[in-house]
Amino acid sequence: MDASDELLQRATPSALLTLEGVIRRLNAAMGVALGTSGEQCVGRCFIDLLSEDQRIPARSLLAHGATTKRLAMRVLEFPGSGDASVVCLVEARPVTDPAVGERLVWLHSLDARHDLGALLIPFDLAAKAAGLGLYMCSPDEHQIEWLGGEPALATLFPQASMSLPMVIRRVHPDDRKDVQRLVRSSVGQSPWIRSRFHTEHDGWRMLAGQTRRIRLGYGGPERVFGVIRDESTVEAHRKDMLAAVSAERQRADEIAAFSSALFSAATEQELQQVVLTRLAAAFGGFGALFALVDDGRLRVSSDAGIPMWQADALLGLPLDEDRPLPRAIRTGEPQFIANQEELSRCWPSDTSGAQAPPGPDVAMSITPLSPPGDRPLGAWAVTYDSKRPPSLEKLAFMTTLADLAGQALRRIRLQQAHVELSTAVQQSMLPTLPEHLPGLEVAVRYQPSRDGLDIGGDWYDAFFLPDGAVALEIGDAQGHDVDAAVFMGQVRSSMRAIAAHEPEPGTVLTRTNELLTTMDAPRFASCTMLHIDPRDGQVIGTSAGHVPLLHARDDGSHRIRTLPGGPVLGVLPDIDYPEETFILEEGTALVMVTDGVVEGPGLTLEDGLERAGTLAGRALHDRLDVEAMADLILDAVVAVDHLDDVAVLVIRRT
C-alpha cells in the first residue's frame, strides 16, 4: 500500500510516521486525539505525545508495524482535547512513500463501534494486576456496570449491572454525598474517596474509589470509569506492620543491649562473656567464636553453637598462618565463608569435613576487632544457616560493633574503657548516608556533647523509600547518657521499619508515637521528617516538637519554615501529625538542625535560627557546596562554646 494522502483521508485518527516514530503527516482527527493541533505534532515523536503509561504499548505497536509485513493492532489511550481521554483500537502497518521511496508506518484508528467491549480489555487487565475492581458508570442512565478486575471485589455486588440508586443505598448515609460526587465527577480524574459499603454477606466494608472520564473510540460515547479497592484489611496490614516494627525493635534492642554490654565490660573476661552470649543472637546466627592475639598466637573461646573441633583447631595457631581467621585478624579485612564445603576446605583441620556435625549447611562471617593498619587484636566469627545468610547491612553493622569491641579491649587494657566507648556507642547508632541520592546533594555533621563524659541522643537519617522518594530525618532523644543513645537507636530503627510500609511522614511519626506510648517508653524524642521527591522537588514534612527548618536560596536569602506537627514522641497517645507540602526549587537548600546548633547559654532560638539561615544563604550565594555549608554552620556552633551535642543535615536540590 502506497503512503499517500489517501491514507489520511479518514474520519478517524490517522498518521504517517517514520520508522523511529517521528510524525510526518496526520489528519485533523489524530490532532484532536493527541490534544493539540496538527502543525504542532509534525516533526515530534508520536510516543512522547502520549501519557507515560501508554508509551510502552505504543512503542511495541510501532516496532511491530515497522519491522513486519503483518499488521499489528493494540488498544491505545490518547490524551484527547477535553476532560475525557480517548481509547481507540489502533492498527500499524508498513507503507512506502512513492515520492521519495521512504519506508513509513501507517498508524490509524479502526472502527470499533460494534465491539466497544474490546476497548475495555486493557483496563480490565490493568485493574486485575493492581488488585482493583473496575466498573463503568453512566450517570445519565443512572446505571453502574461491573466490568472486571480483581475477582474478589466482584462478590461485593450481587449483580453485574445495578442502578445507581441501588448502589447508593448500600453506602453508609454519611458517605453518600461523596460517592454521588465521585460517580458524577466532570473532571478528567478524581481523587481517591473512601466510603463504607454494605454487602449481603460480609456486612460493612471500607472501599476506596477513583473515577476518570473516557471516550470509547473516536467520536464514541463518553463514560465514567471507576476503580475500587477494598481497604477493609487495613487493620490486618497495620498489625503486620506493627509485627515488622516489633521484630525490628527486638533486633534493635538486642544490638543496643549488646552495644551497652560492650561499653560496660571492664575486664577481658567480661568482654568475652558479652560476645559469646549476645553476638550470635543479635545477628541471627547460631554459633559464635571469639579469638584474641597473645604473643602472635590465637587464644580462642566459643559458645555451644560452635563444634568443639572447630575451636580446638585454632588454639595456638600462629597469626601468620594462611587461614581465614588469622588472615582476617592480620589484614583487618572481614572474611565470609559461604557454605560448609568451603569451610571444610579452608578450616585448619585435615578431617574437618568428616567431623562436620549433621544439620544445616553452614556459612560463617569473620570480623576483625581492628581495622586495616592497626595493631592486630583478634576477631569474632558467627555461623549461620547458609540458606539464610546475613544481609550486607548486618555485616556492615557487625564491623562497627567489632571495632567497638576492639576499642573496648584496648581501653580495658589501658583502664580507660568507659571514656572512649561511650562515644563509640553513640556513633554506631548513627547511619552511614547513601553514597548517591539522585537529584540531591546531602551533607551531615555530628559533634558529641562536650559536657563531661556524657553522650547524647541526637540523630539523623537518610534513606530511599519504596515510592522512589528520599526520607530525611533529624531528631533529639531526651538525655545525655548511654540509655539516651540506645533509645535514639530504637526510635530511628522503628521509623525506618514503619516508613518501609507507610512512607508518609505524618503517618511515620503517628505510628512511632503509638509504639512509644504503648511501650511506656521512659524517654521522649523530638523529630523532623521530610519526604522529598528528587524528580519534581516536592517536599512533604512534619515535626514532633522539633526546631524549625531552614530554607536557603542562592540569592543569599533564607526562610525559617515552621512545619505543622504535634508534640514530642512518646508522651501523649492518639496524636496525629499533620503535614505540609512545598517545593524545593533547584539550587535551593534545606537545613535541618538539632537545638544545640541554634540555642545555647548566650543565644536565643530565634537568634540562632537567623544566624544559621544567614550562613546557609551566604554559602549558596557564594556557590559553596553542601559540605562547606555544613562546616560553616558547625564552626559557628563551636565559636559560641555550646555544651550540647549537635547535628546538622543539609539538603540541596541539584
# chains A, B, ... in the order shown; residues from 1 in each chain; ligands from 1
call {"tool": "residues_around", "arguments": {"residues": "Ser81 (chain A)", "least_positions_apart": "6", "cutoff": "10 Å", "atoms": "only C-alpha atoms", "output": "short mmCIF file (atom, residue, chain, number, x, y, z; two decimals) with N, CA, C and O atoms, in the first residue's frame"}}
result
data_model
loop_
_atom_site.label_atom_id
_atom_site.label_comp_id
_atom_site.auth_asym_id
_atom_site.auth_seq_id
_atom_site.Cartn_x
_atom_site.Cartn_y
_atom_site.Cartn_z
N GLY A 31 -4.89 14.87 15.39
CA GLY A 31 -4.51 16.02 16.20
C GLY A 31 -5.43 16.20 17.38
O GLY A 31 -5.00 16.49 18.50
N VAL A 32 -6.76 16.02 17.15
CA VAL A 32 -7.73 16.13 18.25
C VAL A 32 -7.46 15.05 19.29
O VAL A 32 -7.49 15.29 20.50
N ALA A 33 -7.20 13.82 18.82
CA ALA A 33 -6.95 12.72 19.76
C ALA A 33 -5.71 12.97 20.60
O ALA A 33 -5.66 12.63 21.78
N LEU A 34 -4.70 13.59 20.00
CA LEU A 34 -3.47 13.88 20.72
C LEU A 34 -3.56 15.14 21.56
O LEU A 34 -2.63 15.50 22.28
N GLY A 35 -4.70 15.86 21.44
CA GLY A 35 -4.92 17.03 22.27
C GLY A 35 -4.16 18.26 21.83
O GLY A 35 -3.90 19.16 22.64
N THR A 36 -3.78 18.34 20.56
CA THR A 36 -3.04 19.52 20.07
C THR A 36 -3.28 19.65 18.58
O THR A 36 -3.89 18.78 17.95
N SER A 37 -2.82 20.74 17.99
CA SER A 37 -3.04 20.96 16.56
C SER A 37 -2.07 20.13 15.74
O SER A 37 -1.01 19.74 16.21
#
call {"tool": "residues_around", "arguments": {"residues": "Arg623 (chain A)", "least_positions_apart": "5", "cutoff": "10 Å", "atoms": "only C-alpha atoms", "output": "PyMOL selection string"}}
result
chain A and resi 554+587+617-618+628-629
call {"tool": "residues_around", "arguments": {"residues": "Met364 (chain A)", "least_positions_apart": "2", "cutoff": "9 Å", "atoms": "only C-alpha atoms", "output": "compact mmCIF listing (two decimals) with N, CA, C and O atoms, in the first residue's frame"}}
result
# COMPACT_ATOMS: atom_id res chain seq x y z
N GLY A 285 22.55 -15.58 64.01
CA GLY A 285 23.38 -16.77 63.85
C GLY A 285 23.07 -17.81 64.90
O GLY A 285 22.21 -17.63 65.77
N GLN A 335 36.12 -11.56 56.52
CA GLN A 335 36.05 -12.73 55.64
C GLN A 335 34.65 -13.33 55.73
O GLN A 335 34.01 -13.28 56.78
N PHE A 336 34.18 -13.90 54.60
CA PHE A 336 32.87 -14.58 54.62
C PHE A 336 33.03 -15.92 53.91
O PHE A 336 33.49 -15.99 52.76
N ILE A 337 32.67 -16.98 54.60
CA ILE A 337 32.74 -18.34 54.06
C ILE A 337 31.31 -18.77 53.76
O ILE A 337 30.47 -18.86 54.66
N ALA A 338 31.01 -19.03 52.49
CA ALA A 338 29.62 -19.11 52.03
C ALA A 338 28.93 -20.42 52.37
O ALA A 338 27.69 -20.45 52.47
N ASN A 339 29.68 -21.54 52.53
CA ASN A 339 29.00 -22.82 52.74
C ASN A 339 29.92 -23.80 53.44
O ASN A 339 31.11 -23.55 53.65
N GLN A 340 29.35 -24.97 53.79
CA GLN A 340 30.09 -25.98 54.54
C GLN A 340 31.27 -26.53 53.75
O GLN A 340 32.35 -26.79 54.29
N LEU A 343 34.03 -24.10 53.97
CA LEU A 343 34.54 -24.08 55.35
C LEU A 343 35.43 -25.30 55.61
O LEU A 343 36.51 -25.19 56.21
N VAL A 362 26.43 -24.80 56.59
CA VAL A 362 26.89 -23.70 57.45
C VAL A 362 27.66 -22.66 56.66
O VAL A 362 28.50 -22.99 55.83
N ILE A 366 33.56 -13.73 59.50
CA ILE A 366 34.68 -13.47 60.40
C ILE A 366 34.97 -11.97 60.36
O ILE A 366 35.20 -11.40 59.29
N ALA A 381 33.79 -14.69 65.12
CA ALA A 381 33.17 -15.38 64.00
C ALA A 381 31.76 -15.80 64.40
O ALA A 381 31.50 -16.15 65.56
N VAL A 382 30.85 -15.74 63.44
CA VAL A 382 29.46 -16.14 63.66
C VAL A 382 29.08 -17.14 62.57
O VAL A 382 29.39 -16.93 61.39
N THR A 383 28.43 -18.24 62.95
CA THR A 383 27.96 -19.23 61.98
C THR A 383 26.46 -19.06 61.75
O THR A 383 25.71 -18.69 62.65
N TYR A 384 26.06 -19.35 60.49
CA TYR A 384 24.67 -19.19 60.07
C TYR A 384 24.26 -20.40 59.23
O TYR A 384 25.10 -21.14 58.71
N ASP A 385 22.96 -20.55 59.06
CA ASP A 385 22.43 -21.43 58.02
C ASP A 385 22.74 -20.77 56.68
O ASP A 385 22.36 -19.62 56.46
N SER A 386 23.46 -21.45 55.79
CA SER A 386 23.89 -20.83 54.53
C SER A 386 22.71 -20.40 53.66
O SER A 386 22.88 -19.56 52.77
N PRO A 389 21.78 -16.31 54.90
CA PRO A 389 22.97 -15.54 55.29
C PRO A 389 22.59 -14.14 55.76
O PRO A 389 21.50 -13.65 55.46
call {"tool": "residues_around", "arguments": {"residues": "Thr614 (chain A)", "least_positions_apart": "6", "cutoff": "12 Å", "atoms": "only C-alpha atoms", "output": "list in words"}}
result
Leu550, His551, Ala552, Arg553, Asp554, Asp555, Gly556, Ser557, His558, Arg559, Ile560, Val591, Asp607, Gly608, Leu620, His621, Met629, Leu632, Ile633 and Ala636 of chain A
call {"tool": "write_last_selection", "arguments": {"atoms": "all heavy atoms", "output": "short mmCIF file (atom, residue, chain, number, x, y, z; two decimals), in the first residue's frame"}}
result
data_model
loop_
_atom_site.label_atom_id
_atom_site.label_comp_id
_atom_site.auth_asym_id
_atom_site.auth_seq_id
_atom_site.Cartn_x
_atom_site.Cartn_y
_atom_site.Cartn_z
N LEU A 550 15.18 25.33 58.05
CA LEU A 550 15.71 26.50 57.34
C LEU A 550 15.69 26.23 55.84
O LEU A 550 16.10 25.15 55.40
CB LEU A 550 17.14 26.81 57.78
CG LEU A 550 17.29 27.21 59.25
CD1 LEU A 550 18.76 27.26 59.64
CD2 LEU A 550 16.63 28.55 59.53
N HIS A 551 15.19 27.19 55.07
CA HIS A 551 15.11 27.08 53.61
C HIS A 551 15.95 28.21 53.02
O HIS A 551 15.58 29.38 53.11
CB HIS A 551 13.64 27.19 53.17
CG HIS A 551 13.41 26.82 51.75
ND1 HIS A 551 12.15 26.59 51.24
CD2 HIS A 551 14.27 26.61 50.73
CE1 HIS A 551 12.25 26.28 49.96
NE2 HIS A 551 13.52 26.29 49.63
N ALA A 552 17.11 27.86 52.44
CA ALA A 552 18.05 28.86 51.93
C ALA A 552 18.02 28.89 50.40
O ALA A 552 17.84 27.85 49.76
CB ALA A 552 19.47 28.55 52.40
N ARG A 553 18.20 30.09 49.84
CA ARG A 553 18.17 30.26 48.38
C ARG A 553 19.51 30.82 47.91
O ARG A 553 20.27 31.42 48.67
CB ARG A 553 17.03 31.19 47.97
CG ARG A 553 15.66 30.63 48.32
CD ARG A 553 14.55 31.59 47.94
NE ARG A 553 13.23 31.01 48.15
CZ ARG A 553 12.61 31.00 49.33
NH1 ARG A 553 13.19 31.55 50.38
NH2 ARG A 553 11.42 30.44 49.46
N ASP A 554 19.76 30.64 46.59
CA ASP A 554 21.06 31.04 46.06
C ASP A 554 21.20 32.54 45.88
O ASP A 554 22.27 33.02 45.49
CB ASP A 554 21.35 30.31 44.74
CG ASP A 554 20.26 30.53 43.71
OD1 ASP A 554 19.33 31.34 43.95
OD2 ASP A 554 20.31 29.87 42.66
N ASP A 555 20.14 33.32 46.14
CA ASP A 555 20.30 34.78 46.13
C ASP A 555 20.76 35.30 47.49
O ASP A 555 20.86 36.51 47.71
CB ASP A 555 18.99 35.46 45.71
CG ASP A 555 17.84 35.18 46.69
OD1 ASP A 555 18.05 34.44 47.67
OD2 ASP A 555 16.72 35.68 46.45
N GLY A 556 21.03 34.37 48.41
CA GLY A 556 21.51 34.74 49.74
C GLY A 556 20.42 34.86 50.79
O GLY A 556 20.72 35.00 51.97
N SER A 557 19.16 34.77 50.36
CA SER A 557 18.06 34.89 51.32
C SER A 557 17.77 33.54 51.98
O SER A 557 18.24 32.49 51.53
CB SER A 557 16.80 35.41 50.61
OG SER A 557 16.35 34.46 49.67
N HIS A 558 16.99 33.58 53.03
CA HIS A 558 16.58 32.35 53.69
C HIS A 558 15.22 32.55 54.34
O HIS A 558 14.78 33.69 54.55
CB HIS A 558 17.61 31.92 54.74
CG HIS A 558 17.62 32.81 55.96
ND1 HIS A 558 18.36 33.98 56.01
CD2 HIS A 558 16.98 32.71 57.16
CE1 HIS A 558 18.18 34.55 57.19
NE2 HIS A 558 17.34 33.81 57.91
N ARG A 559 14.61 31.44 54.67
CA ARG A 559 13.31 31.48 55.35
C ARG A 559 13.32 30.46 56.47
O ARG A 559 13.84 29.35 56.31
CB ARG A 559 12.18 31.13 54.36
CG ARG A 559 10.81 31.02 55.01
CD ARG A 559 9.76 30.55 54.03
NE ARG A 559 8.48 30.33 54.68
CZ ARG A 559 7.40 29.80 54.09
NH1 ARG A 559 7.45 29.48 52.82
NH2 ARG A 559 6.28 29.62 54.75
N ILE A 560 12.77 30.86 57.61
CA ILE A 560 12.58 29.92 58.72
C ILE A 560 11.20 29.30 58.54
O ILE A 560 10.18 29.97 58.62
CB ILE A 560 12.69 30.63 60.08
CG1 ILE A 560 14.09 31.25 60.23
CG2 ILE A 560 12.41 29.66 61.21
CD1 ILE A 560 14.25 32.11 61.46
N VAL A 591 18.05 23.15 55.53
CA VAL A 591 18.99 22.87 56.61
C VAL A 591 18.18 22.37 57.81
O VAL A 591 17.31 23.08 58.31
CB VAL A 591 19.81 24.11 56.99
CG1 VAL A 591 20.78 23.77 58.12
CG2 VAL A 591 20.57 24.65 55.78
N ASP A 607 17.50 33.96 67.51
CA ASP A 607 18.77 34.48 67.01
C ASP A 607 19.62 33.37 66.38
O ASP A 607 20.31 33.59 65.38
CB ASP A 607 19.55 35.15 68.15
CG ASP A 607 18.88 36.44 68.63
OD1 ASP A 607 18.07 37.01 67.86
OD2 ASP A 607 19.20 36.88 69.75
N GLY A 608 19.57 32.19 66.99
CA GLY A 608 20.35 31.08 66.45
C GLY A 608 19.86 30.64 65.08
O GLY A 608 20.66 30.33 64.19
N LEU A 620 25.19 29.43 49.75
CA LEU A 620 24.61 29.19 48.43
C LEU A 620 24.95 30.33 47.48
O LEU A 620 25.26 30.10 46.31
CB LEU A 620 23.09 29.03 48.54
CG LEU A 620 22.56 27.68 49.01
CD1 LEU A 620 21.04 27.68 48.98
CD2 LEU A 620 23.09 26.55 48.15
N HIS A 621 24.86 31.55 47.99
CA HIS A 621 25.15 32.71 47.14
C HIS A 621 26.60 32.68 46.65
O HIS A 621 26.90 33.06 45.51
CB HIS A 621 24.89 34.00 47.92
CG HIS A 621 25.15 35.26 47.14
ND1 HIS A 621 26.38 35.90 47.14
CD2 HIS A 621 24.35 35.97 46.30
CE1 HIS A 621 26.32 36.95 46.35
NE2 HIS A 621 25.09 37.02 45.83
N MET A 629 28.92 24.26 53.38
CA MET A 629 27.82 24.90 54.11
C MET A 629 27.67 24.28 55.49
O MET A 629 27.52 24.98 56.50
CB MET A 629 26.51 24.76 53.32
CG MET A 629 25.35 25.49 53.96
SD MET A 629 23.75 25.11 53.16
CE MET A 629 24.10 25.60 51.47
N LEU A 632 30.43 25.52 57.77
CA LEU A 632 30.21 26.88 58.24
C LEU A 632 29.27 26.91 59.43
O LEU A 632 29.52 27.60 60.43
CB LEU A 632 29.63 27.74 57.10
CG LEU A 632 30.60 28.30 56.06
CD1 LEU A 632 29.83 29.02 54.96
CD2 LEU A 632 31.59 29.25 56.72
N ILE A 633 28.19 26.17 59.31
CA ILE A 633 27.19 26.17 60.40
C ILE A 633 27.78 25.54 61.66
O ILE A 633 27.60 26.04 62.77
CB ILE A 633 25.92 25.43 59.94
CG1 ILE A 633 25.27 26.20 58.78
CG2 ILE A 633 24.94 25.26 61.09
CD1 ILE A 633 24.12 25.46 58.13
N ALA A 636 30.27 27.82 63.47
CA ALA A 636 29.60 28.86 64.26
C ALA A 636 29.14 28.32 65.60
O ALA A 636 29.14 29.03 66.61
CB ALA A 636 28.42 29.43 63.47
#
call {"tool": "closest_residue", "arguments": {"among": "A:Val470, A:Asp361, A:Thr199, A:Arg653", "to": "Gly439 (chain A)", "atoms": "only C-alpha atoms"}}
result
A:Arg653
call {"tool": "atom_distance", "arguments": {"atom1": "CA of Gly475 (chain A)", "atom2": "CA of Ser259 (chain A)"}}
result
20.7 Å
